[in-house]
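Colleague: The file below is model_30.pdb, PDB, C-alpha atoms:
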```pdb
ATOM      1  CA  MET A   1     -35.178  -8.723 -44.700
ATOM      2  CA  GLN A   2     -33.119  -9.920 -47.602
ATOM      3  CA  ILE A   3     -34.476  -9.749 -51.147
ATOM      4  CA  ARG A   4     -35.031 -13.518 -51.350
ATOM      5  CA  THR A   5     -37.143 -13.399 -48.171
ATOM      6  CA  MET A   6     -39.113 -10.433 -49.525
ATOM      7  CA  LYS A   7     -39.724 -12.341 -52.755
ATOM      8  CA  ALA A   8     -41.009 -15.315 -50.775
ATOM      9  CA  ALA A   9     -43.343 -13.135 -48.667
ATOM     10  CA  LEU A  10     -44.888 -11.103 -51.479
ATOM     11  CA  PRO A  11     -47.124 -13.833 -52.996
ATOM     12  CA  PHE A  12     -48.792 -14.298 -49.578
ATOM     13  CA  LEU A  13     -49.412 -10.549 -49.268
ATOM     14  CA  PHE A  14     -50.814 -10.523 -52.814
ATOM     15  CA  LYS A  15     -53.127 -13.444 -52.057
ATOM     16  CA  ALA A  16     -54.392 -11.582 -48.976
ATOM     17  CA  ASN A  17     -54.883  -8.470 -51.160
ATOM     18  CA  VAL A  18     -52.592  -6.389 -48.946
ATOM     19  CA  PRO A  19     -51.064  -3.288 -50.597
ATOM     20  CA  THR A  20     -47.318  -3.405 -50.024
ATOM     21  CA  LEU A  21     -44.624  -0.771 -49.629
ATOM     22  CA  ILE A  22     -40.975  -1.788 -49.993
ATOM     23  CA  HIS A  23     -38.859   0.663 -48.034
ATOM     24  CA  GLY A  24     -35.073   0.693 -48.337
ATOM     25  CA  ARG A  25     -31.907   2.377 -49.478
ATOM     26  CA  HIS A  26     -31.114   2.740 -53.180
ATOM     27  CA  GLY A  27     -29.337  -0.153 -54.811
ATOM     28  CA  VAL A  28     -30.569  -2.921 -52.499
ATOM     29  CA  GLY A  29     -32.697  -4.537 -55.232
ATOM     30  CA  LYS A  30     -36.224  -3.344 -54.468
ATOM     31  CA  SER A  31     -37.237  -2.744 -58.095
ATOM     32  CA  GLN A  32     -35.465  -5.784 -59.512
ATOM     33  CA  GLY A  33     -36.884  -8.022 -56.783
ATOM     34  CA  ILE A  34     -40.454  -6.961 -57.569
ATOM     35  CA  PHE A  35     -39.882  -7.490 -61.306
ATOM     36  CA  GLN A  36     -38.482 -10.967 -60.617
ATOM     37  CA  VAL A  37     -41.567 -11.844 -58.555
ATOM     38  CA  SER A  38     -43.775 -10.829 -61.488
ATOM     39  CA  GLN A  39     -41.844 -13.180 -63.766
ATOM     40  CA  GLU A  40     -41.949 -16.058 -61.274
ATOM     41  CA  LEU A  41     -45.681 -15.850 -60.513
ATOM     42  CA  GLN A  42     -47.818 -17.769 -63.007
ATOM     43  CA  TYR A  43     -51.537 -17.802 -63.760
ATOM     44  CA  VAL A  44     -53.765 -19.311 -66.435
ATOM     45  CA  HIS A  45     -55.204 -16.702 -68.797
ATOM     46  CA  PRO A  46     -58.355 -17.796 -70.703
ATOM     47  CA  THR A  47     -56.834 -17.044 -74.134
ATOM     48  CA  LYS A  48     -53.068 -16.982 -73.501
ATOM     49  CA  GLY A  49     -52.830 -20.088 -71.330
ATOM     50  CA  LYS A  50     -50.220 -20.273 -68.586
ATOM     51  CA  THR A  51     -48.271 -17.016 -68.383
ATOM     52  CA  SER A  52     -46.294 -14.771 -66.029
ATOM     53  CA  TYR A  53     -47.767 -11.770 -64.281
ATOM     54  CA  ASP A  54     -47.687  -8.524 -66.234
ATOM     55  CA  PHE A  55     -45.487  -5.789 -64.779
ATOM     56  CA  ILE A  56     -46.022  -2.033 -65.022
ATOM     57  CA  ASP A  57     -43.248   0.101 -63.521
ATOM     58  CA  LEU A  58     -44.125   3.743 -62.788
ATOM     59  CA  ARG A  59     -41.535   6.134 -61.352
ATOM     60  CA  LEU A  60     -43.736   8.521 -59.393
ATOM     61  CA  GLY A  61     -40.853  10.912 -58.798
ATOM     62  CA  ASN A  62     -40.932  11.720 -62.542
ATOM     63  CA  MET A  63     -44.707  12.031 -62.914
ATOM     64  CA  GLU A  64     -47.196  14.844 -62.909
ATOM     65  CA  VAL A  65     -50.708  14.270 -61.605
ATOM     66  CA  GLY A  66     -52.106  14.096 -65.173
ATOM     67  CA  ASP A  67     -49.714  11.232 -65.946
ATOM     68  CA  LEU A  68     -51.310   9.234 -63.138
ATOM     69  CA  LEU A  69     -54.965  10.344 -63.284
ATOM     70  CA  GLY A  70     -55.239  10.958 -67.015
ATOM     71  CA  LEU A  71     -55.894  14.235 -68.754
ATOM     72  CA  ALA A  72     -59.182  16.083 -68.400
ATOM     73  CA  ASP A  73     -61.541  16.148 -71.361
ATOM     74  CA  PHE A  74     -65.135  17.228 -71.910
ATOM     75  CA  GLU A  75     -68.071  14.878 -72.098
ATOM     76  CA  GLU A  76     -70.639  16.051 -74.614
ATOM     77  CA  ASP A  77     -74.357  15.416 -74.918
ATOM     78  CA  GLU A  78     -76.041  14.343 -78.171
ATOM     79  CA  ASN A  79     -76.086  17.993 -79.365
ATOM     80  CA  GLY A  80     -72.360  18.497 -78.825
ATOM     81  CA  ASN A  81     -72.839  20.593 -75.679
ATOM     82  CA  LYS A  82     -70.112  20.154 -73.103
ATOM     83  CA  ILE A  83     -71.912  18.838 -70.042
ATOM     84  CA  ALA A  84     -69.218  17.344 -67.789
ATOM     85  CA  THR A  85     -65.527  16.802 -67.307
ATOM     86  CA  LYS A  86     -64.113  13.312 -67.544
ATOM     87  CA  PHE A  87     -60.576  11.986 -67.388
ATOM     88  CA  MET A  88     -59.057  10.028 -70.250
ATOM     89  CA  ARG A  89     -57.580   6.735 -69.059
ATOM     90  CA  PRO A  90     -53.768   6.732 -69.128
ATOM     91  CA  SER A  91     -52.452   4.272 -71.735
ATOM     92  CA  TRP A  92     -50.399   2.347 -69.174
ATOM     93  CA  LEU A  93     -53.416   1.149 -67.178
ATOM     94  CA  PRO A  94     -54.219  -2.538 -67.803
ATOM     95  CA  THR A  95     -57.431  -3.155 -69.730
ATOM     96  CA  ASP A  96     -57.635  -6.965 -69.914
ATOM     97  CA  PRO A  97     -60.110  -7.991 -67.174
ATOM     98  CA  ASP A  98     -58.654 -11.513 -67.119
ATOM     99  CA  SER A  99     -55.044 -10.404 -66.615
ATOM    100  CA  CYS A 100     -52.945 -10.585 -63.473
ATOM    101  CA  GLY A 101     -50.041  -8.321 -62.751
ATOM    102  CA  ILE A 102     -48.091  -6.024 -60.491
ATOM    103  CA  LEU A 103     -48.484  -2.259 -60.738
ATOM    104  CA  PHE A 104     -45.215  -1.020 -59.251
ATOM    105  CA  LEU A 105     -45.160   2.561 -57.953
ATOM    106  CA  ASP A 106     -41.466   3.240 -57.498
ATOM    107  CA  GLU A 107     -40.014   6.310 -55.773
ATOM    108  CA  ILE A 108     -43.383   6.911 -54.143
ATOM    109  CA  ASN A 109     -41.958   9.338 -51.589
ATOM    110  CA  ARG A 110     -40.110  11.304 -54.271
ATOM    111  CA  ALA A 111     -43.417  12.234 -55.886
ATOM    112  CA  ARG A 112     -44.991  15.647 -55.580
ATOM    113  CA  ARG A 113     -47.830  15.923 -53.061
ATOM    114  CA  ASP A 114     -50.573  16.091 -55.730
ATOM    115  CA  VAL A 115     -49.221  12.901 -57.324
ATOM    116  CA  LEU A 116     -49.095  11.244 -53.887
ATOM    117  CA  GLN A 117     -52.737  12.126 -53.249
ATOM    118  CA  ALA A 118     -53.724  10.561 -56.570
ATOM    119  CA  ALA A 119     -51.593   7.496 -55.834
ATOM    120  CA  PHE A 120     -53.306   6.861 -52.483
ATOM    121  CA  GLN A 121     -56.613   5.992 -54.172
ATOM    122  CA  LEU A 122     -54.773   3.648 -56.503
ATOM    123  CA  VAL A 123     -52.886   1.979 -53.637
ATOM    124  CA  LEU A 124     -55.803   1.697 -51.212
ATOM    125  CA  ASP A 125     -58.790   1.178 -53.527
ATOM    126  CA  LYS A 126     -57.093  -0.130 -56.686
ATOM    127  CA  LYS A 127     -58.926   2.498 -58.713
ATOM    128  CA  ILE A 128     -58.586   5.946 -60.261
ATOM    129  CA  HIS A 129     -61.811   7.890 -60.805
ATOM    130  CA  GLU A 130     -64.175   5.410 -62.522
ATOM    131  CA  TYR A 131     -61.393   3.048 -63.644
ATOM    132  CA  GLU A 132     -60.733  -0.024 -61.504
ATOM    133  CA  LEU A 133     -57.710  -2.320 -61.775
ATOM    134  CA  PRO A 134     -58.590  -5.862 -62.888
ATOM    135  CA  LYS A 135     -59.109  -8.203 -59.919
ATOM    136  CA  GLY A 136     -55.874 -10.085 -60.630
ATOM    137  CA  TRP A 137     -53.696  -6.993 -60.190
ATOM    138  CA  VAL A 138     -51.826  -5.892 -57.061
ATOM    139  CA  VAL A 139     -50.205  -2.561 -56.255
ATOM    140  CA  VAL A 140     -46.692  -2.436 -54.802
ATOM    141  CA  GLY A 141     -44.894   0.751 -53.841
ATOM    142  CA  ALA A 142     -41.226   1.376 -53.122
ATOM    143  CA  CYS A 143     -39.494   4.279 -51.463
ATOM    144  CA  ASN A 144     -36.233   5.403 -49.931
ATOM    145  CA  PRO A 145     -35.796   6.237 -46.250
ATOM    146  CA  ASN A 146     -36.597   9.735 -45.042
ATOM    147  CA  THR A 147     -33.044  10.726 -44.157
ATOM    148  CA  ASP A 148     -30.668  13.549 -45.024
ATOM    149  CA  GLU A 149     -29.227  11.306 -47.738
ATOM    150  CA  TYR A 150     -32.399  11.494 -49.889
ATOM    151  CA  ILE A 151     -34.680  14.267 -51.131
ATOM    152  CA  VAL A 152     -38.077  12.798 -50.311
ATOM    153  CA  THR A 153     -41.591  13.924 -49.453
ATOM    154  CA  ASP A 154     -42.536  13.000 -45.902
ATOM    155  CA  ILE A 155     -45.606  10.839 -46.398
ATOM    156  CA  GLY A 156     -46.351  10.789 -42.673
ATOM    157  CA  ASP A 157     -48.203   8.251 -40.595
ATOM    158  CA  ALA A 158     -51.617   9.695 -41.483
ATOM    159  CA  ALA A 159     -51.304   8.149 -44.945
ATOM    160  CA  PHE A 160     -50.756   4.719 -43.415
ATOM    161  CA  ILE A 161     -53.480   4.743 -40.733
ATOM    162  CA  SER A 162     -55.516   2.002 -42.432
ATOM    163  CA  LEU A 163     -52.476   0.072 -43.593
ATOM    164  CA  LEU A 164     -50.352  -2.760 -42.213
ATOM    165  CA  SER A 165     -46.847  -1.522 -41.521
ATOM    166  CA  HIS A 166     -43.825  -3.782 -41.207
ATOM    167  CA  GLN A 167     -40.295  -2.582 -40.888
ATOM    168  CA  ILE A 168     -37.921  -5.023 -42.482
ATOM    169  CA  ASN A 169     -34.230  -4.337 -42.917
ATOM    170  CA  SER A 170     -31.297  -6.438 -44.017
ATOM    171  CA  HIS A 171     -30.856  -7.933 -40.541
ATOM    172  CA  SER A 172     -34.216  -8.197 -38.809
ATOM    173  CA  ILE A 173     -37.966  -7.853 -39.026
ATOM    174  CA  ARG A 174     -40.108  -5.715 -36.749
ATOM    175  CA  VAL A 175     -43.831  -4.943 -36.916
ATOM    176  CA  ASP A 176     -44.282  -1.216 -36.288
ATOM    177  CA  ARG A 177     -48.033  -1.146 -35.742
ATOM    178  CA  PRO A 178     -50.988  -3.315 -36.665
ATOM    179  CA  CYS A 179     -52.892  -2.022 -39.687
ATOM    180  CA  SER A 180     -53.614  -3.420 -43.163
ATOM    181  CA  TYR A 181     -50.704  -2.040 -45.228
ATOM    182  CA  SER A 182     -47.447  -3.888 -45.579
ATOM    183  CA  LYS A 183     -44.446  -1.565 -45.280
ATOM    184  CA  ILE A 184     -41.236  -3.479 -45.898
ATOM    185  CA  ARG A 185     -37.886  -1.933 -45.063
ATOM    186  CA  LEU A 186     -34.814  -3.351 -46.794
TER     187      LEU A 186
END
```
Starting from the file, lay out its structure as structure tokens.
Modeller:
Amino acid sequence: MQIRTMKAALPFLFKANVPTLIHGRHGVGKSQGIFQVSQELQYVHPTKGKTSYDFIDLRLGNMEVGDLLGLADFEEDENGNKIATKFMRPSWLPTDPDSCGILFLDEINRARRDVLQAAFQLVLDKKIHEYELPKGWVVVGACNPNTDEYIVTDIGDAAFISLLSHQINSHSIRVDRPCSYSKIRL
């Protein structure tokens, strides 16, 4: 699928609340296409009025698990006794409950396995620990093909069991298997 076709399809996937994975070679415009969609989509915010979607771009290949989950801290009781562990919310997570946006997880298959495991909850459930993305947010991932040309982590089909998988390349579209995750190949 060409970038313009991907851009046209994404709003429908977002409306259906389908997590989406853009799969393609480097330099084909995956990241830029997703950013452009965020700028083209509009919504009415209660205090800001009509505005574009927010866009958060995370390069998972450069992250450690604490960057994604937040750092551990102690919860204390009224006497200052440490009674539990909690995770501090990463500063990049959106906090405005009325906002809409795209959380873009780029280089998802270049991430370390522990980061991938943390990302799966974010992709599938739109949450990390007790934090939940605002309802107007969608998660989009992007990755490179698992070939000798790239150093990638094999995510494997087990990660996509409950997901809708499409293979889309620059010439054709093919549905690999019916599930609820959208996997787009460029």
Colleague: Env of stretch 94-98 of chain A: 7 Å cut, atoms = all atoms listed in the file, seq-sep filter 5 positions within chain, self excluded. Answer as an NGL selection string.
Modeller: :A and (45 or 133-134)
Colleague: So that I can check the surroundings of stretch 100-107 of chain A, please list as a PyMOL selection string every protein, DNA and RNA residue that reaches within 10 Å of it, counting all atoms listed in the file and ignoring chain neighbours fewer than 4 positions away.
Modeller: chain A and resi 14+20-23+26+30-31+34-35+37-39+41-45+51-62+92-94+96+111+119+122-123+126+133-144+152
Colleague: Calculate how many Å separate atom CA of A:Thr85 from atom CA of A:Leu71, rounding to one decimal.
Modeller: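 Going from atom CA of A:Thr85 over to atom CA of A:Leu71, I get 10.1 Å.
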Colleague: What does the structure give for the distance between atom CA of A:Met6 and atom CA of A:Asp125, in Å to one decimal?
Modeller: 23.2 Å
Colleague: If you measure from atom CA of A:Thr5 to atom CA of A:Gly27, what distance in Å do you get, rounded to one decimal?
Modeller: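 Atom-to-atom, atom CA of A:Thr5 and atom CA of A:Gly27 are spaced 16.7 Å apart.
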Colleague: Pick from A:Gly24, A:Lys50, A:Phe120, A:Gln32: nearest to A:Arg4, with only C-alpha atoms counted?
Modeller: A:Gln32
Colleague: Return as AutoDock Vina command-line options the box centre and box size in Å, one decimal, for an axis-aligned box around all listed atoms of stretch 100-111 of chain A padded by 8 Å per side.
Modeller:
```
--center_x -46.5 --center_y 0.8 --center_z -57.5 --size_x 28.9 --size_y 38.8 --size_z 27.9
```
